[in-house]
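Presented below is the structure to which this report refers.
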Amino acid sequence: MTGSRTGRPPVQRAARRPVVSGPARENPLRTLIVRARRAWDRPLTAYYLILGGSALITVLGLVMVYSASQITALQMSLPGSYFFRKQLLAAAIGGVLLLVASRMPVKLHRALAYPILAGAVVLMALVQVPGVGVSVNGNQNWIAVGGSFQIQPSEFGKLALVLWGADLLARKQDRRLLSQWKHMLVPLVPAAFMLLGLIMLGGDMGTAIILTAVLFGLLWLAGAPTRLFVGVLSIAALLGAILIRTSPNRMARLACLGATEPRTGPVDCWQAVHGIYALASGGIFGSGLGASVEKWGQLPEAHTDFIFAVTGEELGLAGTLSVLALFAALGYAGIRVAGRTEDPFVRYAAGGVTTWITAQAVINIGAVLGLLPIAGVPLPLFSYGGSALLPTMFAIGLLIAFAREDPAARMALAMRQPRFGKKRNGGSQRPRRWNTMRRRAPVARSSGER
């Protein structure tokens, strides 16, 4: 061994270890997207979205009704919580209806279609009877039931059209009659026009628009040809234009589109403009719950048709976007339920309910934003009004029942049930067997639920 120049023994260096490349790091964004897709693909996603979304909208609506209605109640020499207590009572009754509807089998829902339709027609006809019908804000669409309680039968007409129309189209599809245009239109369209006529006798065009949207949704789900669909739409648009043209009140509402300041003269845009003022003054996070200025007599119908404006003022852009996200999730879940079922009645009924709630939310919010004429329709599950809340919560119960009827969802719910019957000596009995459609499948895809 040759020595070094300094006389010291050479230092032997350790051999270099080969560089081993570790596993490639996963992209966090890609991982998040994959997990989100798996979550959306779970069989109980629609069930939880409908149940959770509707519950959050209803609870937030109760809070905003209490905040927006206090000043109105005090101006009427009533307790500040007057409207809130009535809305809370309606929500409690609606919760019972939702629970009952969510537990009812599909056959019973179909059996109730004709009684609900007959009852709605009778009540809507009684509205026009002198001494029975009550006029509110110029519309003869109410019936006094005692004390300060009133019902609006036209709200139940929406539910009646959804159930009866879905049952009618399902029976015709089973008999393969929907390929003929006369079976697709008759008697669905004449019955819908009868309901529309009874509604328009009272002057409530907003509810008539929602009912028309439900009719178009049913025809679209039934596979109506483009020519037939466009023809019915043209007739409805023509009738709507005539009704708007012949009513000074409706023409004034149409003239307020895009208004930014109140006008003097025959056209008064006070409500539309102050709704924009409320939204504009809210900012990102709002002025605080209960701190609205517009509800102090400046904004008419602050707790009913324009509650979204008060929400924007008190909770800001964050609050309004949260409400929009909840309605978007509810609409997505309804479309998913309608698209994944093999039962024609479930498809038509789920599509009709989704069209009803989505169209009404769009019309209400569009009017508050100044993008659509003020139609006088409440925000579903959110605005004050028991007559609108009860049938809507029953319709939500329908969607929950339909989401539970999906075979994969039924199996996932059965797997999540607690297992009872443990033996006293510490052992456990065999788990209970559940009769589900998915259990008979030879290869069952994992639901992903835990």
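Each chain of the structure tokens is named A, B, ... in the order shown, its residues numbered from 1; ligands are numbered from 1 in display order.
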
Write out as an NGL selection string which residues come within 8 Å of Leu381 in chain A when counting only C-alpha atoms, dropping same-chain ones fewer than 3 positions away.
:A and (54 or 57-58 or 61 or 388-389 or 392-393)

Write to file, as a CSV table (one decimal), in the first residue's frame, the residues of the selection just made, with all heavy atoms.
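Generated file (out_18.csv):
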```csv
chain,number,residue,atom,x,y,z
A,54,SER,N,-82.4,19.7,2.2
A,54,SER,CA,-83.7,20.3,2.5
A,54,SER,C,-83.7,20.7,4.0
A,54,SER,O,-84.4,21.7,4.4
A,54,SER,CB,-84.8,19.2,2.2
A,54,SER,OG,-84.5,18.0,3.0
A,57,ILE,N,-81.8,24.0,4.4
A,57,ILE,CA,-82.6,25.1,3.8
A,57,ILE,C,-83.8,25.5,4.7
A,57,ILE,O,-84.0,26.7,5.0
A,57,ILE,CB,-83.1,24.8,2.4
A,57,ILE,CG1,-82.0,24.6,1.4
A,57,ILE,CG2,-84.1,25.8,1.9
A,57,ILE,CD1,-82.4,24.1,0.1
A,58,THR,N,-84.4,24.5,5.3
A,58,THR,CA,-85.6,24.8,6.1
A,58,THR,C,-85.1,25.5,7.4
A,58,THR,O,-85.8,26.5,7.9
A,58,THR,CB,-86.3,23.5,6.5
A,58,THR,OG1,-86.7,22.8,5.3
A,58,THR,CG2,-87.6,23.8,7.3
A,61,GLY,N,-84.0,28.9,6.7
A,61,GLY,CA,-85.2,29.7,6.4
A,61,GLY,C,-85.9,30.1,7.6
A,61,GLY,O,-86.4,31.3,7.7
A,388,ALA,N,-97.3,27.0,1.3
A,388,ALA,CA,-96.2,26.6,0.3
A,388,ALA,C,-95.3,25.6,1.0
A,388,ALA,O,-94.7,24.7,0.3
A,388,ALA,CB,-95.4,27.8,-0.1
A,389,LEU,N,-95.1,25.6,2.3
A,389,LEU,CA,-94.1,24.7,2.9
A,389,LEU,C,-94.6,23.3,3.0
A,389,LEU,O,-93.9,22.4,2.8
A,389,LEU,CB,-93.8,25.3,4.3
A,389,LEU,CG,-92.7,24.5,5.1
A,389,LEU,CD1,-91.4,24.6,4.4
A,389,LEU,CD2,-92.6,25.1,6.5
A,392,THR,N,-94.5,21.3,-0.3
A,392,THR,CA,-93.1,21.2,-0.7
A,392,THR,C,-92.3,20.1,0.2
A,392,THR,O,-91.6,19.3,-0.4
A,392,THR,CB,-92.4,22.5,-0.6
A,392,THR,OG1,-93.1,23.5,-1.3
A,392,THR,CG2,-91.0,22.4,-1.1
A,393,MET,N,-92.6,20.1,1.5
A,393,MET,CA,-91.9,19.1,2.3
A,393,MET,C,-92.5,17.7,2.0
A,393,MET,O,-91.7,16.7,2.1
A,393,MET,CB,-92.1,19.5,3.8
A,393,MET,CG,-91.4,20.8,4.2
A,393,MET,SD,-91.3,21.0,6.0
A,393,MET,CE,-90.0,19.9,6.4
```

Could you pull out all residues of range 20-250 of chain A with a DSSP call of helix (DSSP H, G or I) and give them as a PyMOL selection string?
chain A and resi 28-40+45-75+82-103+106-111+113-126+153-174+181-185+188-201+205-221+226-245+248-250

List the neighbours of Ala236 in chain A out to 10 Å using only C-alpha atoms; skip same-chain residues closer than 6 positions along the sequence, and give me the result as a tab-separated table (two decimals) with N, CA and C atoms, in the first residue's frame.
```
chain	number	residue	atom	x	y	z
A	193	PHE	N	-104.32	22.50	-18.04
A	193	PHE	CA	-104.94	23.78	-18.40
A	193	PHE	C	-106.14	24.08	-17.51
A	209	ILE	N	-97.08	29.98	-13.67
A	209	ILE	CA	-95.81	29.76	-14.36
A	209	ILE	C	-95.13	28.50	-13.83
A	212	THR	N	-96.92	25.51	-15.20
A	212	THR	CA	-96.56	25.30	-16.61
A	212	THR	C	-95.18	24.66	-16.73
A	230	VAL	N	-92.42	22.19	-28.86
A	230	VAL	CA	-92.38	23.60	-29.27
A	230	VAL	C	-93.79	24.14	-29.47
A	242	ILE	N	-100.61	37.42	-23.66
A	242	ILE	CA	-101.92	38.08	-23.63
A	242	ILE	C	-102.28	38.46	-22.19
```

Out of A:Gly203, A:Ala208, A:Ala349, A:Gln180, which residue has the shortest atom-to-atom distance to Ala224 in chain A when counting only C-alpha atoms?
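Of A:Gly203, A:Ala208, A:Ala349, A:Gln180, the one nearest Ala224 in chain A, counting only C-alpha atoms, is A:Gln180.
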
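Candidate residues A:Cys269, A:Met64, A:Ala361, A:Leu228 were compared for distance to Ala252 in chain A, and the nearest is A:Cys269, using only C-alpha atoms.
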
Under the rule that only C-alpha atoms are counted, which of A:Ala272, A:Ala309, A:Leu196, A:Ile116 is the nearest residue to Leu372 in chain A?
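Comparing A:Ala272, A:Ala309, A:Leu196, A:Ile116 against Leu372 in chain A, the winner is A:Ala272.
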
For Ile363 in chain A, please output as a PyMOL selection string all residues within 8 Å (counting only C-alpha atoms; exclusion window: fewer than 3 positions along the same chain).
chain A and resi 359-360+366-367+372+375+377

Give me the residues of range 57-98 of chain A that have any atom at most 8 Å from an atom of range 394-404 of chain A; for each, the nearest atom pair and the distance in Å, rounded to one decimal. Use only C-alpha atoms, sort by chain and number, and format it as a Markdown table.
```
| residue | atom | partner | partner_atom | distance |
| --- | --- | --- | --- | --- |
| A:Gly94 | CA | A:Phe394 | CA | 6.8 |
| A:Leu97 | CA | A:Phe394 | CA | 5.4 |
| A:Leu98 | CA | A:Gly397 | CA | 4.3 |
```

CA of Leu218 in chain A to CA of Ala237 in chain A, straight-line distance in Å
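So the two atoms, CA of Ala237 in chain A and CA of Leu218 in chain A, lie 17.5 Å apart.
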
Residues near Gly386 in chain A, cut-off 8 Å, only C-alpha atoms, skip fewer than 5 positions along chain, as a list in words
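So, after excluding close chain neighbours, the residues are Lys86, Gln87, Ala90, Ala91 and Ile151 of chain A.
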
What lies within 12 Å of Ser135 in chain A using only C-alpha atoms, ignoring chain neighbours under 2 positions off, as a PyMOL selection string?
chain A and resi 127-133+137-144+150-152+201-204

Which residues come within 10 Å of Leu317 in chain A, counting only C-alpha atoms, excluding same-chain residues fewer than 6 positions away, as an NGL selection string?
:A and (279-280 or 282-286 or 311 or 323)

When you draw a straight line from CA of Leu163 in chain A to CA of Leu51 in chain A, how long is it in Å?
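Going from CA of Leu163 in chain A over to CA of Leu51 in chain A covers 20.2 Å.
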
Considering only C-alpha atoms, state which residue in the set A:Ile199, A:Ala73, A:Leu123, A:Ala255 is at the smallest distance from Arg85 in chain A.
A:Ala73

From the options A:Val63, A:Ala338, A:Met200, A:Val368, which residue's atoms come nearest to His274 in chain A, counting only C-alpha atoms?
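Selected residue with least distance to His274 in chain A: A:Val368.
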
From A:Val310, A:Ala46, A:Val362, A:Val136, residue lying nearest Tyr66 in chain A [only C-alpha atoms]:
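Nearest to Tyr66 in chain A: A:Val310.
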